[in-house]
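Chemist: Sending over coords03.cif (mmCIF, C-alpha atoms).
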```cif
data_input
loop_
_atom_site.label_atom_id
_atom_site.label_comp_id
_atom_site.auth_asym_id
_atom_site.auth_seq_id
_atom_site.Cartn_x
_atom_site.Cartn_y
_atom_site.Cartn_z
CA MET A 252 -20.81 -12.07 -28.73
CA VAL A 253 -19.55 -10.00 -31.63
CA HIS A 254 -20.22 -12.84 -34.01
CA ALA A 255 -23.79 -13.33 -32.76
CA LEU A 256 -24.49 -9.63 -33.16
CA ASP A 257 -23.10 -9.65 -36.67
CA LEU A 258 -25.42 -12.52 -37.52
CA ILE A 259 -28.45 -10.74 -36.14
CA THR A 260 -27.74 -7.49 -37.89
CA ALA A 261 -26.69 -9.18 -41.15
CA GLY A 262 -28.45 -7.61 -44.10
CA VAL A 263 -29.56 -4.75 -41.89
CA ALA A 264 -28.51 -1.23 -42.66
CA ALA A 265 -26.57 -1.00 -39.40
CA SER A 266 -24.56 2.02 -38.52
CA THR A 267 -21.09 1.82 -39.98
CA GLY A 268 -20.01 5.42 -39.55
CA SER A 269 -20.05 7.38 -36.34
CA GLY A 270 -23.64 8.60 -36.70
CA PHE A 271 -26.62 6.42 -35.91
CA GLU A 272 -28.59 5.43 -38.98
CA ALA A 273 -32.22 4.81 -38.14
CA PRO A 274 -33.98 2.04 -40.09
CA SER A 275 -36.27 3.22 -42.86
CA ILE A 276 -38.82 1.77 -45.23
CA ASN A 277 -35.92 0.91 -47.57
CA GLU A 278 -35.39 -2.16 -45.38
CA PHE A 279 -38.15 -3.80 -47.38
CA TYR A 280 -36.62 -3.13 -50.79
CA PRO A 281 -33.28 -4.93 -50.66
CA GLN A 282 -31.17 -5.11 -53.77
CA ALA A 283 -31.87 -7.76 -56.37
CA VAL A 284 -29.88 -10.96 -56.08
CA LEU A 285 -30.98 -13.04 -59.07
CA PHE A 286 -32.31 -12.19 -62.53
CA ALA A 287 -31.87 -8.45 -61.99
CA GLY A 288 -33.67 -6.35 -64.61
CA THR A 289 -36.13 -9.06 -65.68
CA PRO A 290 -39.75 -9.32 -64.45
CA PHE A 291 -38.62 -12.30 -62.34
CA GLU A 292 -36.21 -10.24 -60.28
CA MET A 293 -35.42 -12.01 -57.03
CA ASN A 294 -34.41 -10.19 -53.89
CA ARG A 295 -33.96 -11.51 -50.37
CA ILE A 296 -37.68 -11.39 -49.59
CA MET A 297 -38.68 -13.23 -52.75
CA ILE A 298 -36.13 -15.96 -52.06
CA ILE A 299 -37.52 -16.34 -48.53
CA ARG A 300 -41.04 -16.62 -49.95
CA VAL A 301 -40.03 -19.31 -52.43
CA LEU A 302 -38.17 -21.14 -49.67
CA ILE A 303 -41.21 -21.15 -47.38
CA MET A 304 -43.51 -22.17 -50.22
CA VAL A 305 -41.31 -25.17 -51.06
CA LEU A 306 -41.09 -26.07 -47.36
CA LEU A 307 -44.87 -25.94 -46.96
CA LEU A 308 -45.42 -28.02 -50.11
CA VAL A 309 -42.95 -30.68 -48.97
CA VAL A 310 -44.26 -30.90 -45.39
CA PHE A 311 -47.90 -30.98 -46.44
CA SER A 312 -47.39 -33.59 -49.16
CA LEU A 313 -45.51 -35.75 -46.64
CA TRP A 314 -48.37 -35.30 -44.17
CA ALA A 315 -50.93 -36.14 -46.85
CA GLY A 316 -48.99 -39.28 -47.72
CA LYS A 317 -48.89 -40.31 -44.05
CA PHE A 318 -52.61 -39.68 -43.58
CA LYS A 319 -53.53 -41.67 -46.69
CA GLY A 320 -51.12 -44.48 -45.83
CA SER A 321 -52.42 -44.98 -42.30
CA ALA A 322 -56.05 -44.71 -43.45
CA LYS A 323 -55.42 -47.48 -45.99
CA LYS A 324 -53.64 -49.72 -43.51
CA GLY A 325 -56.21 -49.02 -40.80
CA LYS A 326 -53.46 -47.85 -38.49
CA LEU A 327 -54.98 -46.18 -35.44
CA VAL A 328 -51.98 -44.87 -33.53
CA PRO A 329 -50.18 -42.06 -35.40
CA GLY A 330 -46.43 -41.65 -35.37
CA ARG A 331 -44.68 -38.52 -34.17
CA PHE A 332 -44.58 -36.78 -37.54
CA GLN A 333 -48.18 -37.67 -38.35
CA LEU A 334 -49.35 -36.50 -34.93
CA MET A 335 -47.75 -33.11 -35.57
CA GLY A 336 -49.73 -32.80 -38.78
CA GLU A 337 -52.96 -33.91 -37.14
CA ILE A 338 -52.59 -31.40 -34.32
CA SER A 339 -51.72 -28.56 -36.71
CA ILE A 340 -54.57 -29.19 -39.13
CA ASP A 341 -57.03 -30.00 -36.34
CA PHE A 342 -56.32 -26.61 -34.81
CA VAL A 343 -57.63 -24.86 -37.93
CA ARG A 344 -60.38 -27.44 -38.43
CA LYS A 345 -61.78 -27.61 -34.90
CA SER A 346 -61.09 -24.28 -33.28
CA ILE A 347 -61.59 -22.06 -36.33
CA ALA A 348 -63.64 -23.76 -39.06
CA HIS A 349 -66.01 -25.93 -37.02
CA ASP A 350 -66.50 -23.33 -34.30
CA GLN A 351 -67.53 -20.58 -36.70
CA LEU A 352 -69.06 -22.41 -39.67
CA GLY A 353 -70.27 -25.71 -38.24
CA GLN A 354 -69.25 -29.23 -39.34
CA LYS A 355 -70.53 -29.20 -42.93
CA ASP A 356 -69.54 -25.73 -44.13
CA GLY A 357 -66.42 -25.84 -42.00
CA ASP A 358 -65.14 -28.89 -43.87
CA ARG A 359 -66.21 -27.35 -47.18
CA PHE A 360 -63.99 -24.30 -46.73
CA LEU A 361 -61.25 -26.07 -44.79
CA PRO A 362 -58.75 -26.29 -47.71
CA LEU A 363 -58.77 -22.51 -48.15
CA LEU A 364 -58.61 -21.80 -44.43
CA THR A 365 -55.74 -24.26 -43.89
CA THR A 366 -53.83 -22.78 -46.81
CA ILE A 367 -54.32 -19.23 -45.55
CA PHE A 368 -53.34 -20.11 -41.99
CA PHE A 369 -50.17 -22.03 -42.75
CA THR A 370 -49.00 -19.74 -45.55
CA THR A 371 -49.42 -16.70 -43.32
CA LEU A 372 -47.78 -18.42 -40.37
CA GLY A 373 -44.85 -19.65 -42.45
CA MET A 374 -44.31 -16.28 -44.11
CA ASN A 375 -44.61 -14.40 -40.80
CA ILE A 376 -42.30 -16.60 -38.79
CA THR A 377 -39.33 -15.91 -41.09
CA GLY A 378 -39.25 -12.45 -39.53
CA ILE A 379 -37.59 -13.84 -36.42
CA ILE A 380 -35.58 -16.73 -37.87
CA PRO A 381 -31.90 -15.72 -37.63
CA SER A 382 -30.22 -15.11 -41.00
CA LEU A 383 -33.60 -14.83 -42.78
CA ASN A 384 -34.70 -11.94 -40.55
CA ILE A 385 -37.50 -10.54 -42.66
CA ALA A 386 -41.09 -11.68 -42.93
CA GLY A 387 -42.20 -12.89 -46.36
CA SER A 388 -45.49 -11.10 -45.72
CA SER A 389 -43.89 -7.73 -44.98
CA LEU A 390 -44.44 -6.58 -48.56
CA ILE A 391 -48.06 -6.01 -49.54
CA GLY A 392 -48.05 -8.45 -52.50
CA LEU A 393 -48.51 -11.69 -50.61
CA PRO A 394 -51.18 -10.35 -48.20
CA ILE A 395 -53.06 -8.95 -51.22
CA VAL A 396 -53.11 -12.37 -52.87
CA MET A 397 -54.53 -13.97 -49.73
CA ALA A 398 -57.00 -11.13 -49.13
CA VAL A 399 -58.25 -11.52 -52.71
CA ALA A 400 -58.65 -15.26 -52.13
CA ALA A 401 -60.68 -14.55 -48.99
CA TYR A 402 -62.71 -11.85 -50.78
CA VAL A 403 -63.57 -14.05 -53.75
CA THR A 404 -64.43 -16.94 -51.45
CA PHE A 405 -66.86 -15.09 -49.22
CA ILE A 406 -68.63 -13.53 -52.21
CA TYR A 407 -68.74 -16.96 -53.87
CA ALA A 408 -70.15 -18.51 -50.69
CA GLY A 409 -72.85 -15.85 -50.45
CA VAL A 410 -73.81 -15.96 -54.14
CA LYS A 411 -73.89 -19.77 -54.18
CA LYS A 412 -76.24 -19.85 -51.20
CA HIS A 413 -78.46 -16.79 -51.75
CA GLY A 414 -77.94 -15.87 -55.42
CA GLY A 415 -78.30 -12.18 -56.25
CA HIS A 416 -80.16 -11.78 -53.00
CA PHE A 417 -76.73 -11.85 -51.29
CA PHE A 418 -75.84 -8.43 -52.68
CA THR A 419 -79.24 -6.85 -52.00
CA SER A 420 -79.31 -8.07 -48.42
CA ALA A 421 -75.71 -6.98 -47.87
CA LEU A 422 -76.29 -3.50 -49.29
CA PHE A 423 -79.88 -2.96 -48.11
CA PRO A 424 -80.06 -4.47 -44.63
CA ALA A 425 -83.58 -5.36 -43.50
CA GLY A 426 -85.37 -3.29 -40.89
CA VAL A 427 -84.02 0.09 -41.99
CA PRO A 428 -86.47 2.87 -42.97
CA ALA A 429 -86.28 3.40 -46.73
CA ALA A 430 -85.02 7.00 -46.49
CA PHE A 431 -81.96 5.90 -44.52
CA TYR A 432 -80.71 3.71 -47.35
CA ILE A 433 -79.14 6.87 -48.82
CA LEU A 434 -76.84 6.83 -45.81
CA VAL A 435 -76.65 3.12 -45.01
CA THR A 436 -76.00 1.65 -48.45
CA PRO A 437 -72.75 3.55 -49.21
CA ILE A 438 -71.46 2.73 -45.73
CA GLU A 439 -72.35 -0.94 -46.10
CA PHE A 440 -70.81 -1.05 -49.56
CA LEU A 441 -67.62 0.57 -48.31
CA SER A 442 -67.29 -1.63 -45.23
CA THR A 443 -68.26 -4.94 -46.83
CA PHE A 444 -66.80 -4.82 -50.30
CA ILE A 445 -63.88 -2.43 -49.99
CA LEU A 446 -62.65 -2.15 -46.42
CA ARG A 447 -62.82 -5.89 -45.66
CA PRO A 448 -60.15 -7.03 -48.15
CA VAL A 449 -58.13 -3.82 -47.73
CA THR A 450 -57.93 -4.16 -43.94
CA LEU A 451 -57.14 -7.89 -44.23
CA ALA A 452 -54.11 -7.14 -46.38
CA LEU A 453 -53.05 -3.98 -44.54
CA ARG A 454 -53.35 -5.50 -41.07
CA LEU A 455 -50.94 -8.30 -41.88
CA THR A 456 -48.44 -6.16 -43.80
CA MET A 457 -48.35 -3.32 -41.32
CA ASN A 458 -47.95 -5.65 -38.36
CA MET A 459 -44.98 -7.29 -40.05
CA ILE A 460 -43.45 -3.96 -41.15
CA ALA A 461 -43.81 -2.43 -37.68
CA GLY A 462 -42.42 -5.57 -36.02
CA HIS A 463 -39.43 -5.74 -38.34
CA LEU A 464 -38.65 -2.03 -37.93
CA LEU A 465 -38.80 -2.38 -34.13
CA LEU A 466 -36.37 -5.32 -34.22
CA VAL A 467 -34.01 -3.51 -36.59
CA LEU A 468 -34.14 -0.41 -34.42
CA CYS A 469 -33.32 -2.37 -31.26
CA PHE A 470 -30.45 -4.37 -32.73
CA SER A 471 -28.88 -1.57 -34.75
CA ALA A 472 -29.06 0.64 -31.65
CA THR A 473 -27.30 -2.15 -29.74
CA GLN A 474 -24.58 -2.25 -32.36
CA PHE A 475 -24.28 1.52 -32.33
CA PHE A 476 -24.04 1.76 -28.53
CA LEU A 477 -21.55 -1.08 -28.19
CA PHE A 478 -19.16 -0.18 -30.99
CA ASN A 479 -19.63 3.47 -31.90
CA SER A 480 -20.18 5.19 -28.57
CA GLU A 481 -18.05 5.78 -25.53
CA GLY A 482 -18.14 5.45 -21.76
CA ILE A 483 -21.44 5.05 -20.00
CA PHE A 484 -23.34 4.87 -23.32
CA LYS A 485 -21.97 1.37 -23.92
CA ALA A 486 -24.20 0.22 -21.07
CA PHE A 487 -27.28 1.34 -23.01
CA GLY A 488 -26.38 -1.36 -25.52
CA ALA A 489 -27.28 -4.04 -22.98
CA GLY A 490 -30.68 -2.41 -22.48
CA THR A 491 -31.46 -2.18 -26.19
CA PHE A 492 -30.28 -5.75 -26.69
CA LEU A 493 -32.69 -6.89 -23.95
CA PHE A 494 -35.50 -4.95 -25.64
CA GLY A 495 -34.58 -6.61 -28.92
CA PHE A 496 -34.75 -10.03 -27.30
CA VAL A 497 -38.14 -9.31 -25.71
CA PHE A 498 -39.49 -7.96 -29.00
CA THR A 499 -38.26 -11.10 -30.76
CA LEU A 500 -40.40 -13.17 -28.38
CA PHE A 501 -43.26 -10.75 -28.97
CA GLU A 502 -42.84 -11.14 -32.73
CA ILE A 503 -43.26 -14.92 -32.41
CA LEU A 504 -46.59 -14.23 -30.72
CA VAL A 505 -47.54 -11.67 -33.37
CA ALA A 506 -46.63 -14.03 -36.22
CA PHE A 507 -48.91 -16.70 -34.81
CA LEU A 508 -51.64 -14.25 -33.85
CA GLN A 509 -51.79 -12.55 -37.25
CA ALA A 510 -52.09 -15.93 -38.98
CA TYR A 511 -54.90 -16.80 -36.55
CA VAL A 512 -56.67 -13.44 -36.97
CA PHE A 513 -56.41 -13.54 -40.77
CA THR A 514 -57.94 -17.03 -40.86
CA LEU A 515 -60.57 -16.19 -38.25
CA LEU A 516 -61.69 -13.06 -40.11
CA THR A 517 -61.91 -14.99 -43.40
CA THR A 518 -64.05 -17.57 -41.60
CA VAL A 519 -66.28 -14.91 -40.09
CA TYR A 520 -66.77 -13.19 -43.46
CA ILE A 521 -67.75 -16.54 -45.00
CA GLN A 522 -70.07 -17.18 -42.07
CA LEU A 523 -71.72 -13.77 -42.46
CA ALA A 524 -72.19 -14.42 -46.18
CA LEU A 525 -73.76 -17.83 -45.46
CA ALA A 526 -76.05 -16.57 -42.67
CA ASP A 527 -79.72 -16.57 -43.55
CA GLU A 528 -80.52 -13.26 -41.92
CA HIS A 529 -78.28 -10.32 -42.66
CA MET B 110 -48.64 33.48 -29.78
CA ASP B 111 -51.20 32.22 -32.26
CA VAL B 112 -51.49 28.73 -33.68
CA THR B 113 -49.90 29.45 -37.05
CA THR B 114 -46.65 30.71 -35.50
CA ILE B 115 -46.41 27.59 -33.37
CA ALA B 116 -47.21 25.35 -36.33
CA ALA B 117 -44.55 27.11 -38.42
CA GLY B 118 -41.92 26.09 -35.86
CA VAL B 119 -42.76 22.40 -36.17
CA SER B 120 -40.45 20.53 -38.51
CA GLY B 121 -40.07 16.89 -39.47
CA SER B 122 -42.50 14.33 -40.75
CA LEU B 123 -46.22 15.02 -40.42
CA GLY B 124 -46.79 11.29 -40.84
CA VAL B 125 -45.36 10.68 -37.38
CA ILE B 126 -47.85 13.07 -35.80
CA GLY B 127 -50.62 11.53 -37.88
CA TYR B 128 -49.73 8.07 -36.66
CA GLY B 129 -49.60 9.31 -33.08
CA LEU B 130 -53.14 10.66 -33.43
CA ALA B 131 -54.30 7.52 -35.20
CA ALA B 132 -53.01 5.37 -32.35
CA VAL B 133 -55.01 7.14 -29.63
CA GLY B 134 -58.46 5.88 -30.54
CA PRO B 135 -57.54 2.23 -31.20
CA GLY B 136 -55.41 2.27 -28.03
CA VAL B 137 -58.46 3.14 -25.96
CA GLY B 138 -60.55 0.75 -28.03
CA VAL B 139 -58.30 -2.28 -27.62
CA GLY B 140 -58.05 -1.52 -23.91
CA LEU B 141 -61.83 -1.51 -23.60
CA VAL B 142 -62.21 -4.76 -25.54
CA VAL B 143 -59.64 -6.56 -23.43
CA SER B 144 -60.85 -5.16 -20.10
CA LYS B 145 -64.44 -6.17 -20.81
CA THR B 146 -63.31 -9.63 -21.86
CA ILE B 147 -61.32 -10.06 -18.64
CA GLU B 148 -64.36 -8.91 -16.68
CA SER B 149 -66.60 -11.37 -18.49
CA ILE B 150 -64.16 -14.25 -18.04
CA ALA B 151 -63.93 -13.43 -14.33
CA ARG B 152 -67.71 -13.65 -14.12
CA GLN B 153 -68.09 -16.74 -16.26
CA PRO B 154 -64.81 -18.65 -16.56
CA GLU B 155 -66.46 -21.52 -18.45
CA LEU B 156 -67.05 -19.21 -21.44
CA ALA B 157 -63.37 -18.18 -21.63
CA ALA B 158 -62.64 -19.91 -24.95
CA LYS B 159 -65.62 -18.36 -26.74
CA LEU B 160 -64.99 -14.93 -25.29
CA GLN B 161 -61.35 -15.02 -26.34
CA VAL B 162 -62.24 -15.68 -29.98
CA THR B 163 -64.62 -12.71 -29.90
CA MET B 164 -61.95 -10.64 -28.19
CA TRP B 165 -59.42 -11.32 -30.97
CA LEU B 166 -62.02 -10.33 -33.54
CA GLY B 167 -62.75 -7.11 -31.68
CA ILE B 168 -59.05 -6.34 -31.35
CA ALA B 169 -58.48 -7.05 -35.04
CA PHE B 170 -61.22 -4.65 -36.12
CA THR B 171 -60.14 -1.91 -33.72
CA GLU B 172 -56.45 -2.28 -34.44
CA ALA B 173 -57.06 -1.93 -38.19
CA LEU B 174 -57.63 1.80 -37.67
CA ALA B 175 -54.19 2.30 -36.14
CA LEU B 176 -52.62 0.25 -38.91
CA ILE B 177 -54.37 2.33 -41.57
CA GLY B 178 -52.85 5.34 -39.80
CA LEU B 179 -49.45 3.68 -40.04
CA ALA B 180 -49.96 2.96 -43.75
CA THR B 181 -51.23 6.36 -44.93
CA PRO B 182 -47.84 8.18 -44.96
CA PHE B 183 -46.47 5.41 -47.19
CA ILE B 184 -49.47 5.53 -49.51
CA PHE B 185 -50.11 9.27 -49.82
CA GLY B 186 -46.61 10.58 -49.11
CA VAL B 187 -45.81 12.89 -46.25
#
```
Kindly present the structure from the file in structure tokens form.

Modeler:
Amino acid sequence: MVHALDLITAGVAASTGSGFEAPSINEFYPQAVLFAGTPFEMNRIMIIRVLIMVLLLVVFSLWAGKFKGSAKKGKLVPGRFQLMGEISIDFVRKSIAHDQLGQKDGDRFLPLLTTIFFTTLGMNITGIIPSLNIAGSSLIGLPIVMAVAAYVTFIYAGVKKHGGHFFTSALFPAGVPAAFYILVTPIEFLSTFILRPVTLALRLTMNMIAGHLLLVLCFSATQFFLFNSEGIFKAFGAGTFLFGFVFTLFEILVAFLQAYVFTLLTTVYIQLALADEH
Amino acid sequence: MDVTTIAAGVSGSLGVIGYGLAAVGPGVGVGLVVSKTIESIARQPELAAKLQVTMWLGIAFTEALALIGLATPFIFGV
């Protein structure tokens, strides 16, 4: 039991003295491990990101090899590993891309959507993997990169389809009396071109930060109650440990859900940019 | 006792109060979105899949407000 707790709270600023030390935002700025002082400084979170990136690259290139191989051989029944890949990619393809964009445009933007979905999922899920314990997307950098990708893509999609008309119809929606454009245009500009990417990035980061802080709070409180308090208070440790366990399950849901929501919103923004009527 | 004397007695982080206020609206909002979706699914179970996608979108937009509230103390300081 002690060993398991140590594992869970490893790398966490758990209470070592007699007072309880609440988790703070410093959780997300651990000390540098490699190349300290250079621009390529690596801390725990960066190492986790690189790890997940390599994992994704390896798994996806293996899947791609399998798909190509069985297409060449005309093999109809997929193996276990290939089936996993087909189900995973078909989830994004069928229930996100095709549902929102239709067959043609869905397949056109599928590479981006698949990348966003699996990167986000992979980076989120590290938040609950024991001994990694922090989400790769809990610092704003990675969500910003993906939000910028989504932003550039939906503007590209709109400009490619409608030309400059995309901006005029986004900023000056049809059917509004001319005088109201003084009010409507700034709001539309703010919501479409500023708040969309900002909320995409913030939603993911803040969900991961809040989730991680909740888990740290639960498990460091467990440690505090079990080892640093006396009498009846030790029993509270069981309660906080249970909360920690339940929140871990909840975090699995959140990790999946945030990946889904990020991809879905990107798809919807692309769909709105492609739509003929704004 | 006027408001300023009460406010002077409050100590600690204002960000916490700000987040508490920021969570009220989205809390009601997410509740409304989900309750209406449940109602609609109960009326027309065959549309459940479509309604759920729309529900997640609605939740995502509403929830963003609370998350902006959570982010502001970090961005602007307390």

Chemist: Select all residues from chain B having any atom no more than 9 Å from an atom of chain A (counting only C-alpha atoms, ignoring ligands), output as an mmCIF file with C-alpha atoms, keeping the file's coordinate frame.

Modeler:
```cif
data_model
loop_
_atom_site.group_PDB
_atom_site.id
_atom_site.type_symbol
_atom_site.label_atom_id
_atom_site.label_comp_id
_atom_site.auth_asym_id
_atom_site.auth_seq_id
_atom_site.Cartn_x
_atom_site.Cartn_y
_atom_site.Cartn_z
ATOM 1 C CA VAL B 162 -62.240 -15.680 -29.980
ATOM 2 C CA TRP B 165 -59.420 -11.320 -30.970
ATOM 3 C CA LEU B 166 -62.020 -10.330 -33.540
ATOM 4 C CA ALA B 169 -58.480 -7.050 -35.040
ATOM 5 C CA PHE B 170 -61.220 -4.650 -36.120
ATOM 6 C CA GLU B 172 -56.450 -2.280 -34.440
ATOM 7 C CA ALA B 173 -57.060 -1.930 -38.190
ATOM 8 C CA LEU B 174 -57.630 1.800 -37.670
ATOM 9 C CA LEU B 176 -52.620 0.250 -38.910
ATOM 10 C CA ILE B 177 -54.370 2.330 -41.570
ATOM 11 C CA LEU B 179 -49.450 3.680 -40.040
ATOM 12 C CA ALA B 180 -49.960 2.960 -43.750
ATOM 13 C CA PHE B 183 -46.470 5.410 -47.190
#
```

Chemist: I need the residue set behind the PyMOL selection byres ((chain A and resi 432-444) around 12) for this file; please write it as a PDB file with C-alpha atoms, keeping the file's coordinate frame.

Modeler:
```pdb
ATOM      1  CA  ALA A 398     -57.000 -11.130 -49.130  1.00  0.00           C
ATOM      2  CA  VAL A 399     -58.250 -11.520 -52.710  1.00  0.00           C
ATOM      3  CA  ALA A 401     -60.680 -14.550 -48.990  1.00  0.00           C
ATOM      4  CA  TYR A 402     -62.710 -11.850 -50.780  1.00  0.00           C
ATOM      5  CA  VAL A 403     -63.570 -14.050 -53.750  1.00  0.00           C
ATOM      6  CA  PHE A 405     -66.860 -15.090 -49.220  1.00  0.00           C
ATOM      7  CA  ILE A 406     -68.630 -13.530 -52.210  1.00  0.00           C
ATOM      8  CA  PHE A 417     -76.730 -11.850 -51.290  1.00  0.00           C
ATOM      9  CA  PHE A 418     -75.840  -8.430 -52.680  1.00  0.00           C
ATOM     10  CA  THR A 419     -79.240  -6.850 -52.000  1.00  0.00           C
ATOM     11  CA  SER A 420     -79.310  -8.070 -48.420  1.00  0.00           C
ATOM     12  CA  ALA A 421     -75.710  -6.980 -47.870  1.00  0.00           C
ATOM     13  CA  LEU A 422     -76.290  -3.500 -49.290  1.00  0.00           C
ATOM     14  CA  PHE A 423     -79.880  -2.960 -48.110  1.00  0.00           C
ATOM     15  CA  PRO A 424     -80.060  -4.470 -44.630  1.00  0.00           C
ATOM     16  CA  ALA A 425     -83.580  -5.360 -43.500  1.00  0.00           C
ATOM     17  CA  GLY A 426     -85.370  -3.290 -40.890  1.00  0.00           C
ATOM     18  CA  VAL A 427     -84.020   0.090 -41.990  1.00  0.00           C
ATOM     19  CA  PRO A 428     -86.470   2.870 -42.970  1.00  0.00           C
ATOM     20  CA  ALA A 429     -86.280   3.400 -46.730  1.00  0.00           C
ATOM     21  CA  ALA A 430     -85.020   7.000 -46.490  1.00  0.00           C
ATOM     22  CA  PHE A 431     -81.960   5.900 -44.520  1.00  0.00           C
ATOM     23  CA  ILE A 445     -63.880  -2.430 -49.990  1.00  0.00           C
ATOM     24  CA  LEU A 446     -62.650  -2.150 -46.420  1.00  0.00           C
ATOM     25  CA  ARG A 447     -62.820  -5.890 -45.660  1.00  0.00           C
ATOM     26  CA  PRO A 448     -60.150  -7.030 -48.150  1.00  0.00           C
ATOM     27  CA  VAL A 449     -58.130  -3.820 -47.730  1.00  0.00           C
ATOM     28  CA  THR A 450     -57.930  -4.160 -43.940  1.00  0.00           C
ATOM     29  CA  LEU A 451     -57.140  -7.890 -44.230  1.00  0.00           C
ATOM     30  CA  TYR A 520     -66.770 -13.190 -43.460  1.00  0.00           C
ATOM     31  CA  ILE A 521     -67.750 -16.540 -45.000  1.00  0.00           C
ATOM     32  CA  LEU A 523     -71.720 -13.770 -42.460  1.00  0.00           C
ATOM     33  CA  ALA A 524     -72.190 -14.420 -46.180  1.00  0.00           C
ATOM     34  CA  HIS A 529     -78.280 -10.320 -42.660  1.00  0.00           C
TER      35      HIS A 529
ATOM     36  CA  PHE B 170     -61.220  -4.650 -36.120  1.00  0.00           C
TER      37      PHE B 170
END
```

Chemist: How many Å separate atom CA of A:His463 from atom CA of A:Ile385?

Modeler: 6.7 Å

Chemist: Near A:Phe487, within 9 Å and counting all atoms listed in the file, which residues show up once chain neighbours fewer than 4 positions away are dropped, as a list of chain:residue names?

Modeler: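 Contacts, with the query itself left out: A:Ala472, A:Thr473, A:Phe476, A:Leu477, A:Ile483, A:Thr491, A:Phe492.
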
Chemist: Which one is closest to B:Leu130: B:Pro154, B:Gly118, B:Gly167, B:Gly178? Count only C-alpha atoms.

Modeler: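 The shortest atom-to-atom distance to B:Leu130 comes from B:Gly178.
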
Chemist: Counting all atoms listed in the file, which residue out of B:Ser149, B:Ser144, B:Thr181, B:Gln161 sits closest to B:Gly124?

Modeler: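 Nearest candidate to B:Gly124 out of B:Ser149, B:Ser144, B:Thr181, B:Gln161: B:Thr181.
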
Chemist: If you count only C-alpha atoms, which residues fall within 8 Å of A:Gly357, apart from same-chain ones fewer than 6 positions away, as a PyMOL selection string?

Modeler: chain A and resi 344+348-349+351

Chemist: Please enumerate the residues selected by the PyMOL selection byres ((chain A and resi 279) around 8) when evaluated against the supplied file, formatted as a list in words.

Modeler: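 Here the PyMOL selection byres ((chain A and resi 279) around 8) matches Ile276, Asn277, Glu278, Tyr280, Pro281, Ile296, Ser389 and Leu390 of chain A.
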
Chemist: Only N, CA and C atoms, please: stretch 287-299 of chain A from the block, as an mmCIF file, in the first residue's frame.

Modeler:
```
data_model
loop_
_atom_site.group_PDB
_atom_site.id
_atom_site.type_symbol
_atom_site.label_atom_id
_atom_site.label_comp_id
_atom_site.auth_asym_id
_atom_site.auth_seq_id
_atom_site.Cartn_x
_atom_site.Cartn_y
_atom_site.Cartn_z
ATOM 1 N N ALA A 287 19.737 21.541 -19.550
ATOM 2 C CA ALA A 287 19.303 22.714 -18.791
ATOM 3 C C ALA A 287 20.072 23.942 -19.262
ATOM 4 N N GLY A 288 19.373 25.067 -19.419
ATOM 5 C CA GLY A 288 20.020 26.311 -19.794
ATOM 6 C C GLY A 288 20.035 26.575 -21.283
ATOM 7 N N THR A 289 19.832 25.530 -22.112
ATOM 8 C CA THR A 289 19.786 25.741 -23.556
ATOM 9 C C THR A 289 18.322 25.924 -23.989
ATOM 10 N N PRO A 290 18.090 26.394 -25.228
ATOM 11 C CA PRO A 290 16.697 26.515 -25.691
ATOM 12 C C PRO A 290 15.979 25.169 -25.771
ATOM 13 N N PHE A 291 16.726 24.066 -25.773
ATOM 14 C CA PHE A 291 16.109 22.747 -25.885
ATOM 15 C C PHE A 291 15.937 22.081 -24.522
ATOM 16 N N GLU A 292 15.756 22.903 -23.500
ATOM 17 C CA GLU A 292 15.624 22.389 -22.147
ATOM 18 C C GLU A 292 14.487 21.382 -22.068
ATOM 19 N N MET A 293 14.777 20.234 -21.473
ATOM 20 C CA MET A 293 13.756 19.184 -21.373
ATOM 21 C C MET A 293 13.359 19.013 -19.915
ATOM 22 N N ASN A 294 12.070 19.150 -19.628
ATOM 23 C CA ASN A 294 11.620 18.741 -18.307
ATOM 24 C C ASN A 294 10.700 17.533 -18.465
ATOM 25 N N ARG A 295 10.074 17.132 -17.377
ATOM 26 C CA ARG A 295 9.275 15.918 -17.385
ATOM 27 C C ARG A 295 8.187 15.971 -18.475
ATOM 28 N N ILE A 296 7.538 17.131 -18.592
ATOM 29 C CA ILE A 296 6.430 17.241 -19.531
ATOM 30 C C ILE A 296 6.921 17.122 -20.967
ATOM 31 N N MET A 297 8.061 17.753 -21.255
ATOM 32 C CA MET A 297 8.603 17.668 -22.618
ATOM 33 C C MET A 297 8.978 16.232 -22.956
ATOM 34 N N ILE A 298 9.562 15.516 -21.992
ATOM 35 C CA ILE A 298 9.945 14.135 -22.249
ATOM 36 C C ILE A 298 8.707 13.297 -22.545
ATOM 37 N N ILE A 299 7.624 13.548 -21.774
ATOM 38 C CA ILE A 299 6.375 12.821 -22.011
ATOM 39 C C ILE A 299 5.850 13.116 -23.408
#
```
